[in-house]
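Shown here: structure_30.tsv, TSV, C-alpha atoms.
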```tsv
chain	number	residue	atom	x	y	z
A	1029	MET	CA	20.73	23.40	42.06
A	1030	SER	CA	20.60	25.94	39.21
A	1031	SER	CA	22.87	23.84	37.03
A	1032	LEU	CA	20.33	21.03	37.22
A	1033	THR	CA	17.15	23.02	36.61
A	1034	VAL	CA	18.27	25.16	33.66
A	1035	PRO	CA	18.93	22.25	31.29
A	1036	SER	CA	15.65	20.57	32.27
A	1037	VAL	CA	13.67	23.77	31.58
A	1038	TYR	CA	15.47	24.21	28.25
A	1039	LYS	CA	14.76	20.60	27.35
A	1040	LYS	CA	11.08	21.03	28.22
A	1041	ARG	CA	10.82	24.14	26.03
A	1042	LYS	CA	12.61	22.40	23.20
A	1043	SER	CA	10.22	19.45	23.31
A	1044	TYR	CA	7.29	21.74	22.38
A	1045	THR	CA	9.10	23.60	19.59
A	1046	TRP	CA	7.75	21.26	16.91
A	1047	LEU	CA	4.21	22.35	17.77
A	1048	TYR	CA	4.84	25.92	16.59
A	1049	PHE	CA	5.84	24.66	13.13
A	1050	LEU	CA	2.71	22.54	12.86
A	1051	LEU	CA	0.27	25.28	13.88
A	1052	PRO	CA	-0.20	26.68	10.31
A	1053	SER	CA	-0.91	23.19	8.94
A	1054	ILE	CA	-3.28	22.41	11.80
A	1055	ALA	CA	-5.12	25.71	11.24
A	1056	ILE	CA	-5.51	25.00	7.52
A	1057	MET	CA	-6.82	21.49	8.19
A	1058	LEU	CA	-9.30	22.78	10.76
A	1059	VAL	CA	-10.65	25.52	8.50
A	1060	PHE	CA	-10.69	23.75	5.13
A	1061	PHE	CA	-11.12	20.08	6.10
A	1062	ILE	CA	-12.42	19.42	9.62
A	1063	TYR	CA	-14.88	22.34	9.77
A	1064	PRO	CA	-16.62	21.54	6.42
A	1065	ILE	CA	-17.00	17.89	7.44
A	1066	LEU	CA	-18.51	18.84	10.81
A	1067	LEU	CA	-20.80	21.37	9.13
A	1068	THR	CA	-21.90	18.77	6.58
A	1069	PHE	CA	-22.52	16.28	9.37
A	1070	PHE	CA	-24.71	18.83	11.17
A	1071	TYR	CA	-26.68	19.78	8.06
A	1072	SER	CA	-27.40	16.11	7.33
A	1073	PHE	CA	-29.62	16.09	10.46
A	1074	THR	CA	-31.59	19.17	9.35
A	1075	ASN	CA	-34.25	20.06	6.79
A	1076	LEU	CA	-31.96	22.57	5.06
A	1077	ALA	CA	-33.41	23.55	1.68
A	1078	LEU	CA	-33.13	26.34	-0.86
A	1079	THR	CA	-36.85	26.78	-1.53
A	1080	GLY	CA	-40.18	26.17	0.18
A	1081	GLU	CA	-41.13	26.30	3.84
A	1082	ALA	CA	-37.91	24.56	4.93
A	1083	ALA	CA	-35.84	27.41	3.50
A	1084	LYS	CA	-37.47	29.88	5.92
A	1085	GLU	CA	-36.56	28.05	9.10
A	1086	LEU	CA	-33.80	25.55	9.73
A	1087	LYS	CA	-35.04	22.63	11.82
A	1088	PHE	CA	-33.34	19.63	13.36
A	1089	VAL	CA	-35.01	16.48	11.96
A	1090	GLY	CA	-32.82	13.84	13.56
A	1091	ILE	CA	-32.18	10.75	11.45
A	1092	ASP	CA	-35.07	11.39	9.06
A	1093	ASN	CA	-32.71	11.96	6.12
A	1094	TYR	CA	-30.93	8.67	6.80
A	1095	VAL	CA	-34.20	6.78	7.17
A	1096	ARG	CA	-35.25	8.29	3.87
A	1097	MET	CA	-32.04	7.01	2.27
A	1098	LEU	CA	-32.76	3.47	3.49
A	1099	HIS	CA	-36.16	3.51	1.77
A	1100	ASP	CA	-35.07	5.37	-1.37
A	1101	PRO	CA	-34.57	2.88	-4.24
A	1102	THR	CA	-32.48	5.43	-6.16
A	1103	VAL	CA	-29.87	5.34	-3.40
A	1104	ARG	CA	-29.38	1.61	-3.89
A	1105	VAL	CA	-29.17	2.11	-7.65
A	1106	SER	CA	-26.63	4.90	-7.16
A	1107	ILE	CA	-24.46	2.76	-4.88
A	1108	TRP	CA	-24.54	-0.09	-7.39
A	1109	ASN	CA	-23.70	2.26	-10.28
A	1110	THR	CA	-20.87	3.80	-8.25
A	1111	LEU	CA	-19.34	0.37	-7.60
A	1112	ILE	CA	-19.66	-0.63	-11.27
A	1113	PHE	CA	-18.09	2.63	-12.40
A	1114	LEU	CA	-15.35	2.29	-9.78
A	1115	ILE	CA	-14.44	-1.31	-10.59
A	1116	GLY	CA	-14.70	-0.87	-14.34
A	1117	SER	CA	-12.81	2.39	-14.76
A	1118	ALA	CA	-10.40	2.45	-11.80
A	1119	VAL	CA	-9.73	-1.04	-10.47
A	1120	ILE	CA	-9.70	-2.79	-13.85
A	1121	GLY	CA	-9.36	-0.05	-16.45
A	1122	GLN	CA	-6.85	2.53	-15.24
A	1123	GLN	CA	-4.89	0.13	-13.05
A	1124	VAL	CA	-4.47	-2.67	-15.60
A	1125	LEU	CA	-4.10	-0.46	-18.68
A	1126	GLY	CA	-1.67	1.86	-16.90
A	1127	PHE	CA	0.46	-1.10	-15.86
A	1128	ILE	CA	0.43	-2.58	-19.37
A	1129	VAL	CA	1.46	0.72	-20.97
A	1130	ALA	CA	4.24	1.22	-18.41
A	1131	LEU	CA	5.44	-2.34	-18.92
A	1132	LEU	CA	5.53	-1.96	-22.70
A	1133	MET	CA	7.54	1.25	-22.34
A	1134	LYS	CA	10.12	-0.35	-20.05
A	1135	HIS	CA	13.64	-0.55	-21.53
A	1136	LYS	CA	12.47	1.30	-24.66
A	1137	ASN	CA	14.49	4.18	-26.08
A	1138	ARG	CA	13.88	7.73	-24.89
A	1139	LEU	CA	12.16	8.90	-28.09
A	1140	PHE	CA	9.63	6.05	-27.97
A	1141	ARG	CA	8.84	6.74	-24.31
A	1142	ARG	CA	8.39	10.44	-24.94
A	1143	VAL	CA	6.01	9.94	-27.88
A	1144	ILE	CA	3.84	7.30	-26.17
A	1145	GLY	CA	3.97	9.13	-22.86
A	1146	THR	CA	2.81	12.37	-24.48
A	1147	ILE	CA	-0.11	10.62	-26.19
A	1148	VAL	CA	-1.28	9.00	-22.95
A	1149	LEU	CA	-0.71	12.16	-20.90
A	1150	ALA	CA	-2.87	14.16	-23.30
A	1151	GLY	CA	-6.01	12.63	-21.79
A	1152	TRP	CA	-4.87	13.26	-18.23
A	1153	VAL	CA	-3.94	16.93	-18.62
A	1154	THR	CA	-7.18	17.66	-20.46
A	1155	PRO	CA	-9.77	19.24	-18.12
A	1156	GLU	CA	-12.54	16.87	-17.11
A	1157	ILE	CA	-15.30	18.83	-18.82
A	1158	VAL	CA	-13.30	19.06	-22.07
A	1159	CYS	CA	-12.61	15.33	-21.88
A	1160	ALA	CA	-16.35	14.71	-21.42
A	1161	LEU	CA	-17.23	16.82	-24.47
A	1162	CYS	CA	-14.61	15.04	-26.59
A	1163	LEU	CA	-15.91	11.60	-25.62
A	1164	TYR	CA	-19.50	12.77	-26.06
A	1165	SER	CA	-18.62	13.76	-29.62
A	1166	PHE	CA	-16.92	10.40	-30.11
A	1167	PHE	CA	-19.82	8.26	-28.83
A	1168	GLY	CA	-22.65	10.52	-30.07
A	1169	ASP	CA	-25.23	9.39	-32.61
A	1170	GLU	CA	-23.39	11.29	-35.33
A	1171	GLY	CA	-20.02	10.99	-33.66
A	1172	THR	CA	-16.66	9.68	-34.76
A	1173	LEU	CA	-17.24	6.08	-33.69
A	1174	ASN	CA	-20.44	5.72	-35.72
A	1175	ALA	CA	-18.72	7.38	-38.67
A	1176	ILE	CA	-16.00	4.72	-38.52
A	1177	LEU	CA	-18.59	1.93	-38.22
A	1178	SER	CA	-20.55	3.32	-41.17
A	1179	PHE	CA	-17.36	3.40	-43.24
A	1180	VAL	CA	-16.87	-0.36	-42.71
A	1181	GLY	CA	-20.55	-1.13	-43.33
A	1182	ILE	CA	-21.84	-1.45	-39.74
A	1183	SER	CA	-25.06	0.35	-38.80
A	1184	ASP	CA	-24.97	3.18	-36.26
A	1185	VAL	CA	-25.31	2.45	-32.55
A	1186	THR	CA	-26.77	4.84	-29.98
A	1187	TRP	CA	-23.92	4.28	-27.53
A	1188	LEU	CA	-24.97	6.88	-24.98
A	1189	TYR	CA	-28.44	5.30	-24.80
A	1190	THR	CA	-27.81	1.56	-25.16
A	1191	VAL	CA	-24.58	1.24	-23.17
A	1192	PRO	CA	-24.25	4.52	-21.24
A	1193	MET	CA	-22.27	3.06	-18.32
A	1194	LEU	CA	-19.72	1.56	-20.70
A	1195	THR	CA	-19.22	4.92	-22.40
A	1196	VAL	CA	-18.54	6.81	-19.14
A	1197	ILE	CA	-16.24	4.02	-17.95
A	1198	LEU	CA	-14.21	4.20	-21.15
A	1199	ALA	CA	-14.14	7.99	-20.90
A	1200	ASN	CA	-12.77	7.86	-17.36
A	1201	ILE	CA	-10.20	5.24	-18.36
A	1202	TRP	CA	-8.96	7.49	-21.16
A	1203	HIS	CA	-8.89	10.47	-18.84
A	1204	GLY	CA	-7.08	8.89	-15.88
A	1205	THR	CA	-4.85	6.07	-17.17
A	1206	ALA	CA	-1.81	8.35	-17.45
A	1207	PHE	CA	-1.59	8.72	-13.66
A	1208	SER	CA	-1.30	4.95	-13.17
A	1209	MET	CA	1.15	4.76	-16.07
A	1210	LEU	CA	3.48	7.30	-14.42
A	1211	VAL	CA	3.28	5.56	-11.04
A	1212	PHE	CA	4.01	2.13	-12.49
A	1213	GLN	CA	6.69	3.48	-14.79
A	1214	ALA	CA	8.63	4.80	-11.80
A	1215	ALA	CA	8.11	1.54	-9.90
A	1216	LEU	CA	9.20	-0.67	-12.81
A	1217	ASP	CA	12.36	1.37	-13.31
A	1218	ASP	CA	13.32	0.51	-9.72
A	1219	VAL	CA	13.07	-3.24	-10.26
A	1220	PRO	CA	16.69	-4.54	-10.22
A	1221	THR	CA	17.68	-5.71	-13.67
A	1222	GLU	CA	20.14	-8.18	-12.09
A	1223	ILE	CA	17.25	-10.24	-10.73
A	1224	GLU	CA	15.50	-10.34	-14.08
A	1225	GLU	CA	18.72	-11.25	-15.91
A	1226	ALA	CA	19.40	-14.03	-13.41
A	1227	ALA	CA	15.89	-15.38	-13.99
A	1228	VAL	CA	16.45	-15.35	-17.76
A	1229	VAL	CA	19.69	-17.29	-17.30
A	1230	ASP	CA	17.78	-19.83	-15.19
A	1231	GLY	CA	15.35	-20.33	-18.07
A	1232	ALA	CA	12.37	-18.28	-16.83
A	1233	SER	CA	9.90	-17.05	-19.42
A	1234	ARG	CA	8.66	-13.47	-19.67
A	1235	LEU	CA	5.38	-14.36	-18.00
A	1236	GLN	CA	7.19	-16.10	-15.15
A	1237	ILE	CA	9.42	-13.06	-14.64
A	1238	LEU	CA	6.36	-10.81	-14.69
A	1239	PHE	CA	4.24	-12.75	-12.20
A	1240	ARG	CA	6.98	-14.11	-9.94
A	1241	ILE	CA	9.43	-11.20	-9.83
A	1242	THR	CA	8.08	-7.93	-11.22
A	1243	ILE	CA	4.57	-7.86	-9.76
A	1244	PRO	CA	5.59	-9.12	-6.27
A	1245	TYR	CA	8.40	-6.53	-6.20
A	1246	ILE	CA	6.04	-3.60	-6.86
A	1247	LYS	CA	3.08	-4.97	-4.87
A	1248	GLY	CA	3.19	-2.02	-2.47
A	1249	THR	CA	3.04	0.44	-5.37
A	1250	ILE	CA	0.09	-1.43	-6.86
A	1251	THR	CA	-1.87	-1.16	-3.61
A	1252	THR	CA	-0.99	2.51	-3.12
A	1253	ASN	CA	-1.97	3.40	-6.68
A	1254	MET	CA	-5.19	1.42	-6.29
A	1255	MET	CA	-6.14	3.48	-3.24
A	1256	LEU	CA	-5.35	6.81	-4.94
A	1257	VAL	CA	-7.21	5.93	-8.13
A	1258	THR	CA	-10.19	4.61	-6.16
A	1259	LEU	CA	-10.58	7.79	-4.12
A	1260	GLN	CA	-10.12	9.87	-7.27
A	1261	THR	CA	-12.80	7.93	-9.13
A	1262	LEU	CA	-15.32	8.06	-6.28
A	1263	GLY	CA	-15.51	11.84	-6.69
A	1264	VAL	CA	-15.92	11.90	-10.48
A	1265	PHE	CA	-18.87	14.16	-11.28
A	1266	GLY	CA	-18.30	16.47	-14.25
A	1267	LEU	CA	-17.35	13.69	-16.66
A	1268	ILE	CA	-20.56	11.72	-16.10
A	1269	TYR	CA	-22.81	14.76	-15.78
A	1270	ALA	CA	-21.61	16.29	-19.04
A	1271	MET	CA	-21.87	13.04	-21.01
A	1272	THR	CA	-25.12	11.50	-19.75
A	1273	GLY	CA	-26.46	13.67	-16.91
A	1274	GLY	CA	-26.86	10.45	-14.93
A	1275	GLY	CA	-29.22	8.96	-17.51
A	1276	PRO	CA	-30.88	7.56	-19.41
A	1277	GLY	CA	-33.12	7.31	-16.35
A	1278	THR	CA	-30.78	6.36	-13.52
A	1279	SER	CA	-28.49	4.07	-15.52
A	1280	THR	CA	-25.39	6.22	-14.87
A	1281	THR	CA	-26.53	7.96	-11.69
A	1282	THR	CA	-23.64	7.53	-9.28
A	1283	LEU	CA	-23.61	8.87	-5.71
A	1284	PRO	CA	-22.03	12.24	-6.69
A	1285	ILE	CA	-24.65	12.71	-9.42
A	1286	PHE	CA	-27.52	11.76	-7.11
A	1287	MET	CA	-26.16	14.00	-4.36
A	1288	TYR	CA	-26.01	16.95	-6.78
A	1289	ASN	CA	-29.53	16.32	-8.06
A	1290	GLN	CA	-30.99	16.22	-4.57
A	1291	ALA	CA	-29.06	19.25	-3.30
A	1292	PHE	CA	-29.06	21.62	-6.28
A	1293	VAL	CA	-31.83	20.37	-8.59
A	1294	ASN	CA	-34.44	19.41	-6.00
A	1295	TYR	CA	-33.00	22.01	-3.56
A	1296	GLN	CA	-32.96	19.51	-0.65
A	1297	LEU	CA	-29.59	20.40	0.84
A	1298	GLY	CA	-30.15	18.46	4.05
A	1299	TYR	CA	-30.83	15.24	2.17
A	1300	GLY	CA	-27.98	15.97	-0.23
A	1301	THR	CA	-25.47	16.36	2.60
A	1302	ALA	CA	-26.64	13.05	4.07
A	1303	ILE	CA	-25.89	11.39	0.73
A	1304	SER	CA	-22.46	13.07	0.67
A	1305	LEU	CA	-21.68	11.49	4.05
A	1306	LEU	CA	-22.61	8.11	2.59
A	1307	LEU	CA	-20.07	8.74	-0.17
A	1308	LEU	CA	-17.52	9.80	2.45
A	1309	LEU	CA	-18.18	6.62	4.43
A	1310	LEU	CA	-17.65	4.49	1.32
A	1311	GLY	CA	-14.31	6.22	0.70
A	1312	ILE	CA	-13.22	5.68	4.32
A	1313	VAL	CA	-14.10	1.98	4.20
A	1314	LEU	CA	-12.17	1.43	0.97
A	1315	SER	CA	-9.19	3.45	2.29
A	1316	LEU	CA	-9.04	1.35	5.47
A	1317	PHE	CA	-9.16	-1.80	3.36
A	1318	TYR	CA	-6.22	-0.64	1.24
A	1319	ILE	CA	-4.24	0.55	4.29
A	1320	ARG	CA	-4.73	-2.82	5.94
A	1321	SER	CA	-3.55	-4.55	2.77
A	1322	MET	CA	-0.41	-2.40	2.72
A	1323	LYS	CA	0.33	-3.22	6.35
A	1324	GLU	CA	0.01	-6.94	5.64
A	1325	GLN	CA	2.43	-6.59	2.74
```

Let's see the structure in the file written out as structure tokens.
Amino acid sequence: MSSLTVPSVYKKRKSYTWLYFLLPSIAIMLVFFIYPILLTFFYSFTNLALTGEAAKELKFVGIDNYVRMLHDPTVRVSIWNTLIFLIGSAVIGQQVLGFIVALLMKHKNRLFRRVIGTIVLAGWVTPEIVCALCLYSFFGDEGTLNAILSFVGISDVTWLYTVPMLTVILANIWHGTAFSMLVFQAALDDVPTEIEEAAVVDGASRLQILFRITIPYIKGTITTNMMLVTLQTLGVFGLIYAMTGGGPGTSTTTLPIFMYNQAFVNYQLGYGTAISLLLLLLGIVLSLFYIRSMKEQ
């Protein structure tokens, strides 16, 4: 009897051993991830504010903040600006440019890769606020770009006023392309050279090798990088705020900028947290889309 029960008890204890190792990670996630989300969710249903009558007494207002979002035209503008900024700087800019740079560096000598890699990485390792100030100086009325245009006889352009969204998109591309370059560089190095050499022997052109062998081979990496860059770009705040402040008007007001203005400029924290949940929902939807794409692949 005892010989049968002792192993079963030992096996039962052993089956729960993994839980003890996960407890620190679970505690960290509860304190620094789950709890802030739940607290934000609660505050989005309140009139939480930093000044005025609402600051004296916290009240539950139900879905008033969400109804206000539905009727706020600035919310729709912010969503549209966020999508433009996301597609322009992340989906098209960083993804495509990072892939092109990585492709051009493939099979090059070590010195060439180090020099080009260092130049591209310089934008990535630069703090976001420093990057914003550098690009502000570049696109400013008396900045470097207008100085170059004046040298070749072209009149100055007020870039930050006439095409503000383009300037912040280009700034984010310069700042974040290195991440995509590193990801694609590692993926391209794993593409078997034997397959490419066999395709060359069969008479395939470089474009045929690229679109029929290279890209399909690293399709999973492309999707994964797209998801990471998308989530990274959704939270960009300091770059846009330092360059344009969300203006002129609301031309570069993305959801993070609008959330900040409502919460810390207008002191409406309840409404600001509701906007933050809208940003969180957008990130979840895009993440599920990318995860589904990876599963299909």

Kindly provide, as a PyMOL selection string, the polymer residues lying within 12 Å of (-11.5, 6.0, -18.5), counting only C-alpha atoms and using the coordinates exactly as they appear in the file.
chain A and resi 1113-1126+1148+1151-1152+1156+1159-1160+1163+1193-1208+1257+1260-1261+1264+1267-1268

From CA of Leu1132 (chain A) to CA of Pro1220 (chain A) the spacing works out at 16.9 Å

Using all atoms listed in the file, the best pick from A:Phe1286, A:Phe1212, A:Phe1070, A:Phe1061 as closest to Met1133 (chain A) would be A:Phe1212

Surrounding residues of Ala1077 (chain A) excluding itself and chain neighbours under 5 positions, 6 Å, all atoms listed in the file, as a list in words: Ala1082, Ala1083, Tyr1295, Gln1296 and Leu1297 of chain A

Listed atoms of region 1237-1254 of chain A, axis-aligned box, 6 Å per side: centre and edge lengths to one decimal in Å, as AutoDock Vina command-line options?
```
--center_x 2.1 --center_y -5.4 --center_z -8.6 --size_x 26.6 --size_y 29.5 --size_z 24.2
```

Inset, instruction - Pick out the residues sitting within 12 Å of Thr1190 (chain A), and hand them over as a list in words; count only C-alpha atoms, and ignore anything fewer than 2 positions along from it in its own chain. - result: Phe1167, Gly1168, Asp1169, Asp1184, Val1185, Thr1186, Trp1187, Leu1188, Pro1192, Met1193, Leu1194, Thr1195, Thr1272, Gly1275, Pro1276, Gly1277, Ser1279 and Thr1280 of chain A

Shortest contact to Ile1112 (chain A), candidates A:Val1293, A:Leu1306, A:Ala1055, A:Leu1283, atoms counted all atoms listed in the file, goes to A:Leu1283

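The shortest atom-to-atom distance to Ile1312 (chain A), with all atoms listed in the file taken into account, belongs to A:Leu1262 out of A:Met1097, A:Leu1262, A:Val1228, A:Leu1058.
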
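From CA of Gln1290 (chain A) back to CA of Glu1081 (chain A), the distance works out to 16.6 Å.
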
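Between Gly1298 (chain A) and the candidates A:Arg1320, A:Arg1234, A:Lys1087, A:Arg1104, the tightest atom-to-atom separation, counting all atoms listed in the file, involves A:Lys1087.
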
Interatomic distance between CA of Tyr1299 (chain A) and CA of Ser1072 (chain A)?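 The value is 6.3 Å.
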
Exercise for review: Have a look at A:Thr1278, A:Thr1301, A:Val1219, A:Ile1182 and name the one nearest to Trp1108 (chain A); count only C-alpha atoms.
Suggested key: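 Looking at the shortest contact to Trp1108 (chain A), the residue is A:Thr1278.
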
For Leu1111 (chain A), the closest of A:Ala1291, A:Ile1128, A:Leu1259, A:Ala1302 counting only C-alpha atoms is A:Leu1259
